[in-house]
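Engineer: Pasting in a structure now, in structure tokens, and then I'll have a few things to ask.
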Amino acid sequence: MKIGITCYPTYGGSGVVATELGIKMAALGHEVHFIAYALPYRLESFTTNLFFHEVDVLQYPLFEYPPYSLSLAHKMVDVVEHEKLDILHVHYAIPHATSAYLAREIMGNDSIKFITTLHGTDITLIGSDPSYLKIVKFSIEKSNGVTAVSRYLQEETYKTFQVENDIEVIHNFVPDRFWINNKELTRQRCFGQNNEIILTHISNFRAVKRVVDLVDVMDRLIPRFPVRLLMVGDGPERSRMEQLCREKGLCDHIQFLGKQQNVEQVLACSDLFLLPSEDESFGLAALEAMACGLPAVTTNAGGLPEVNIDGETGFTVDVGDTAAFADRIARIISDRPFYFRLARNARKRAYNEFNSEKIVPQYLNYYEKIITGG
Ligand code: GMT
């Protein structure tokens, strides 16, 4: 198949899923064309069957806001026509689904079919804002196929937009390189090494991630346990969190690593993964951590309970309940056999339910179904 993929190239889950999916499909012999405004994060090396088409956004003195959606639609037309694509797959509805709709209109209805994968805030936060709601609903309705990364997101989409499309749930998957480390050895090396337990958070530090809650969590844990928190990523809430750490004198225990290209290397020397999000359609970062053998302590928001099973692969707690969050971490790190049981379960669940061999064929079958109109 010849597949066009559009995604955000920046540090974030939807771009990661799109890129890992494209890489996997190219490895299976399909021809994959990425169409985006920059080379997607994680598409760092040359791979056979993978092509990148950069969207040029023309600047003009009249444009305070250059119309990226139009430039993207134009590039889609160009790539579909010249590369003879069989399907376009866009990740994150805004504005990608709208651009794909426009591209299809320009080429004629039978020219190409497009699939929209909904990832999270394109539905729950930005998409449901009155300034976008109608265009997102329209773009979903006009998509030839729609997928959502969790049952939660599927339900939210029906509830928010009252669309009649069949929305297929295809969960996110663990990229293959997350399996390479010998986790049993790594775990023994890390847990309690230098009498210190490493807690890790990875995100793009948007308000929805509630990273600041982790300061309070650490404040409760530090007097009782030798813990260190690694904050991986960057974004709008970082300065506020750093400021709070300074005010509370916690800088020795909370370190900001910034954006990291290979998060599996950080996870390989971590003991526990923390995700205090207000809302999370799926929680790919938690899944990747679980694949590395880390129990996860997360909130029970959105689709997180579809990934992290309370009491089995870690714990889930109510949003904002930092006392409960700290308590669950304490329970895990004060009981070594329990810790290792959760760690094994986490890795097993990630492998059994979310490995690429299981998930990628679901996308390929879905492409076939949409292309053939079945
Ligand atoms: O919806 C977003 O916030 C953007 C997106 C991203 O690019 O970071 O994250 C979402 O998509 C991921 C991949 O499907 C999911 O794992 C995240 O849970 C989801 N984020 C939210 O729902 C907040």
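Residues in the structure tokens are numbered from 1 in each chain, the chains being A, B, ... in the order shown, and ligands are numbered from 1 in the order shown.
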Enumerate as a list in words the residues within 7 Å of ligand 1, counting only C-alpha atoms and all ligand atoms.
Structural biologist: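 The residues within 7 Å of ligand 1, counting only C-alpha atoms and all ligand atoms, are Gly12, Gly13, Ser14, Gly15, Val17, His119, Gly120, Thr121, Asp122, Val149, Asn172, Val208, Asp279, Glu280, Ser281, Phe282, Gly283, Leu284 and Ala285 of chain A.
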Engineer: Write out as an NGL selection string the set of residues from segment 85-205 of chain A that DSSP, computed on the backbone, places in strand (DSSP E or B).
Structural biologist: :A and (87-91 or 113-118 or 145-148 or 167-169 or 174 or 197-203)
Engineer: I need the chosen residues saved as a PDB file, in the first residue's frame, with C-alpha atoms.
Structural biologist:
ATOM      1  CA  ILE A  87      -4.943   6.234   1.542  1.00  0.00           C
ATOM      2  CA  LEU A  88      -4.309   9.301   3.675  1.00  0.00           C
ATOM      3  CA  HIS A  89      -4.134   8.811   7.436  1.00  0.00           C
ATOM      4  CA  VAL A  90      -4.255  11.964   9.553  1.00  0.00           C
ATOM      5  CA  HIS A  91      -3.455  12.026  13.278  1.00  0.00           C
ATOM      6  CA  LYS A 113     -10.030   8.277   1.084  1.00  0.00           C
ATOM      7  CA  PHE A 114      -8.839   9.612   4.382  1.00  0.00           C
ATOM      8  CA  ILE A 115      -8.852   8.206   7.888  1.00  0.00           C
ATOM      9  CA  THR A 116      -8.774  10.421  10.969  1.00  0.00           C
ATOM     10  CA  THR A 117      -7.287   9.104  14.200  1.00  0.00           C
ATOM     11  CA  LEU A 118      -8.506  10.986  17.253  1.00  0.00           C
ATOM     12  CA  GLY A 145     -12.864   6.311   8.472  1.00  0.00           C
ATOM     13  CA  VAL A 146     -12.382   7.365  12.083  1.00  0.00           C
ATOM     14  CA  THR A 147     -10.393   5.661  14.826  1.00  0.00           C
ATOM     15  CA  ALA A 148      -9.917   6.549  18.497  1.00  0.00           C
ATOM     16  CA  ILE A 167     -15.558   4.953  15.351  1.00  0.00           C
ATOM     17  CA  GLU A 168     -13.122   2.058  15.558  1.00  0.00           C
ATOM     18  CA  VAL A 169     -11.069   1.777  18.749  1.00  0.00           C
ATOM     19  CA  VAL A 174       4.675  -0.063  22.252  1.00  0.00           C
ATOM     20  CA  ILE A 197      14.575   5.275  44.225  1.00  0.00           C
ATOM     21  CA  ILE A 198      14.064   6.930  40.864  1.00  0.00           C
ATOM     22  CA  LEU A 199      10.597   8.189  39.989  1.00  0.00           C
ATOM     23  CA  THR A 200      10.097   9.447  36.433  1.00  0.00           C
ATOM     24  CA  HIS A 201       7.556  11.622  34.657  1.00  0.00           C
ATOM     25  CA  ILE A 202       7.523  12.228  30.888  1.00  0.00           C
ATOM     26  CA  SER A 203       5.241  14.683  29.114  1.00  0.00           C
TER      27      SER A 203
END
Engineer: Segment 11-237 of chain A: which residues are alpha helix (DSSP H) by DSSP, as a ChimeraX atom specification?
Structural biologist: /A:13-27,68-83,93-107,121-124,133-142,151-161,183-190,213-221
Engineer: What is the atom CA of Leu230 of chain A to atom CA of Phe256 of chain A distance in Å?
Structural biologist: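 So the answer is 6.1 Å.
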Engineer: If we count only C-alpha atoms and set the cut-off at 10 Å, which residues sit around Met290 of chain A, ignoring sequence neighbours fewer than 5 positions away in its own chain? Please answer as a list in words.
Structural biologist: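 Final neighbour list, sorted by chain and number: Val174, Phe178, Leu267, Leu272, Phe273, Leu284, Ala285, Pro295, Ala296, Val307, Asn308, Thr313, Gly314, Leu342, Ala343, Arg344, Asn345, Ala346, Arg347, Lys348, Arg349, Ala350 and Tyr351 of chain A.
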Engineer: Within 8 Å of His30 of chain A, counting only C-alpha atoms, which residues qualify if same-chain residues fewer than 5 places away don't, as an mmCIF file with N, CA, C and O atoms, in the first residue's frame?
Structural biologist:
data_model
loop_
_atom_site.group_PDB
_atom_site.id
_atom_site.type_symbol
_atom_site.label_atom_id
_atom_site.label_comp_id
_atom_site.auth_asym_id
_atom_site.auth_seq_id
_atom_site.Cartn_x
_atom_site.Cartn_y
_atom_site.Cartn_z
ATOM 1 N N MET A 1 0.836 -1.199 0.000
ATOM 2 C CA MET A 1 0.000 0.000 0.000
ATOM 3 C C MET A 1 0.870 1.249 0.000
ATOM 4 O O MET A 1 1.972 1.237 0.531
ATOM 5 N N LYS A 2 0.335 2.319 -0.581
ATOM 6 C CA LYS A 2 1.038 3.612 -0.507
ATOM 7 C C LYS A 2 0.221 4.497 0.431
ATOM 8 O O LYS A 2 -0.942 4.813 0.150
ATOM 9 N N ILE A 3 0.847 4.855 1.537
ATOM 10 C CA ILE A 3 0.109 5.498 2.637
ATOM 11 C C ILE A 3 0.664 6.898 2.903
ATOM 12 O O ILE A 3 1.877 7.066 3.058
ATOM 13 N N MET A 25 5.015 0.248 9.356
ATOM 14 C CA MET A 25 4.411 -0.104 8.065
ATOM 15 C C MET A 25 5.459 -0.134 6.965
ATOM 16 O O MET A 25 5.409 -0.991 6.079
ATOM 17 N N ASN A 49 11.595 2.789 2.267
ATOM 18 C CA ASN A 49 10.133 2.950 2.090
ATOM 19 C C ASN A 49 9.535 4.140 2.820
ATOM 20 O O ASN A 49 8.329 4.282 2.865
#
Engineer: To one decimal in Å, tell me the separation between atom CA of Leu102 of chain A and atom CA of Lys134 of chain A.
Structural biologist: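 Between atom CA of Leu102 of chain A and atom CA of Lys134 of chain A the gap works out to 15.6 Å.
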Engineer: Check the smallest atom-to-atom distance from each of A:Ser128, A:Thr47, A:His82, A:Lys75 to Ala103 of chain A using only C-alpha atoms, then report the winner.
Structural biologist: A:Lys75
Engineer: Which polymer residues have any atom within 10 Å of an atom of segment 257-262 of chain A, counting only C-alpha atoms, with same-chain residues fewer than 3 positions away left out, as a list in words?
Structural biologist: Tyr11, Tyr41, Arg42, Glu44, Arg177, Phe178, Ile202, Ser203, Asn204, Leu230, Met231, Val232, Gly233, Asp234, Gly235, Arg238, Ile254, Gln265, Val266 and Leu267 of chain A
Engineer: Quick one: residues within 12 Å of Ser239 of chain A, only C-alpha atoms, excluding same-chain residues fewer than 5 positions away - as a PDB file with N, CA and C atoms, in the first residue's frame?
Structural biologist:
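Result file is result01.pdb:
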ATOM      1  N   PHE A 205       4.388  18.797  29.489  1.00  0.00           N
ATOM      2  CA  PHE A 205       4.205  19.783  30.565  1.00  0.00           C
ATOM      3  C   PHE A 205       3.096  20.797  30.278  1.00  0.00           C
ATOM      4  N   ARG A 206       2.045  20.331  29.559  1.00  0.00           N
ATOM      5  CA  ARG A 206       0.901  21.236  29.398  1.00  0.00           C
ATOM      6  C   ARG A 206       0.068  21.174  30.669  1.00  0.00           C
ATOM      7  N   ALA A 207      -0.833  22.167  30.856  1.00  0.00           N
ATOM      8  CA  ALA A 207      -1.607  22.256  32.097  1.00  0.00           C
ATOM      9  C   ALA A 207      -2.349  20.960  32.380  1.00  0.00           C
ATOM     10  N   VAL A 211       1.607  18.669  36.199  1.00  0.00           N
ATOM     11  CA  VAL A 211       2.937  18.314  36.725  1.00  0.00           C
ATOM     12  C   VAL A 211       3.204  18.928  38.097  1.00  0.00           C
ATOM     13  N   VAL A 212       2.580  20.087  38.347  1.00  0.00           N
ATOM     14  CA  VAL A 212       2.828  20.775  39.616  1.00  0.00           C
ATOM     15  C   VAL A 212       2.381  19.911  40.800  1.00  0.00           C
ATOM     16  N   ASP A 234       9.382  19.114  28.262  1.00  0.00           N
ATOM     17  CA  ASP A 234       9.373  20.560  28.467  1.00  0.00           C
ATOM     18  C   ASP A 234       7.999  21.086  28.073  1.00  0.00           C
ATOM     19  N   LEU A 244       8.357  26.470  42.110  1.00  0.00           N
ATOM     20  CA  LEU A 244       7.827  25.843  43.336  1.00  0.00           C
ATOM     21  C   LEU A 244       8.883  24.966  44.012  1.00  0.00           C
ATOM     22  N   CYS A 245       9.622  24.224  43.187  1.00  0.00           N
ATOM     23  CA  CYS A 245      10.681  23.362  43.748  1.00  0.00           C
ATOM     24  C   CYS A 245      11.698  24.210  44.501  1.00  0.00           C
ATOM     25  N   ARG A 246      12.035  25.377  43.889  1.00  0.00           N
ATOM     26  CA  ARG A 246      13.022  26.257  44.541  1.00  0.00           C
ATOM     27  C   ARG A 246      12.465  26.780  45.856  1.00  0.00           C
ATOM     28  N   PHE A 256      15.165  18.364  36.370  1.00  0.00           N
ATOM     29  CA  PHE A 256      14.528  18.590  35.065  1.00  0.00           C
ATOM     30  C   PHE A 256      15.525  18.224  33.972  1.00  0.00           C
ATOM     31  N   GLY A 258      14.741  18.020  30.673  1.00  0.00           N
ATOM     32  CA  GLY A 258      14.396  18.591  29.367  1.00  0.00           C
ATOM     33  C   GLY A 258      13.961  17.496  28.413  1.00  0.00           C
TER      34      GLY A 258
END
Engineer: Could you list, as a short mmCIF file (atom, residue, chain, number, x, y, z; two decimals) with C-alpha atoms, in the first residue's frame, every residue within 10 Å of Thr6 of chain A, counting only C-alpha atoms and ignoring same-chain residues fewer than 4 positions away?
Structural biologist:
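Heads up, here's the output in around_16.cif:
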data_model
loop_
_atom_site.label_atom_id
_atom_site.label_comp_id
_atom_site.auth_asym_id
_atom_site.auth_seq_id
_atom_site.Cartn_x
_atom_site.Cartn_y
_atom_site.Cartn_z
CA GLY A 15 3.08 12.44 16.61
CA ALA A 18 1.89 8.34 13.83
CA THR A 19 5.65 8.08 13.39
CA HIS A 33 4.86 9.33 2.92
CA PHE A 34 4.91 11.71 5.89
CA ILE A 35 3.38 15.12 5.17
CA ALA A 36 4.12 17.64 7.96
CA TYR A 37 5.68 21.03 8.58
CA PRO A 40 8.56 14.24 12.96
CA HIS A 53 7.28 15.89 2.38
CA LEU A 72 -1.13 21.41 4.17
CA MET A 76 -1.64 16.63 0.39
CA LEU A 88 -4.31 9.30 3.68
CA HIS A 89 -4.13 8.81 7.44
CA VAL A 90 -4.25 11.96 9.55
CA HIS A 91 -3.45 12.03 13.28
CA TYR A 92 -5.16 14.61 15.52
CA HIS A 96 -5.43 17.74 9.78
CA ALA A 97 -8.85 16.21 9.13
CA SER A 99 -7.12 19.83 5.44
CA ALA A 100 -7.61 16.25 4.25
CA THR A 116 -8.77 10.42 10.97
#
Engineer: In Å, rounded to a single decimal, give me how far atom CA of Lys209 of chain A is from atom CA of Phe138 of chain A.
Structural biologist: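 Spanning atom CA of Phe138 of chain A to atom CA of Lys209 of chain A is a straight-line distance of 28.4 Å.
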Engineer: Point out the residue among A:Gly4, A:Val79, A:Ala291, A:Pro305 with the least atom-to-atom distance to Val263 of chain A, counting only C-alpha atoms.
Structural biologist: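 Looking only at the distances to Val263 of chain A, the closest residue turns out to be A:Ala291.
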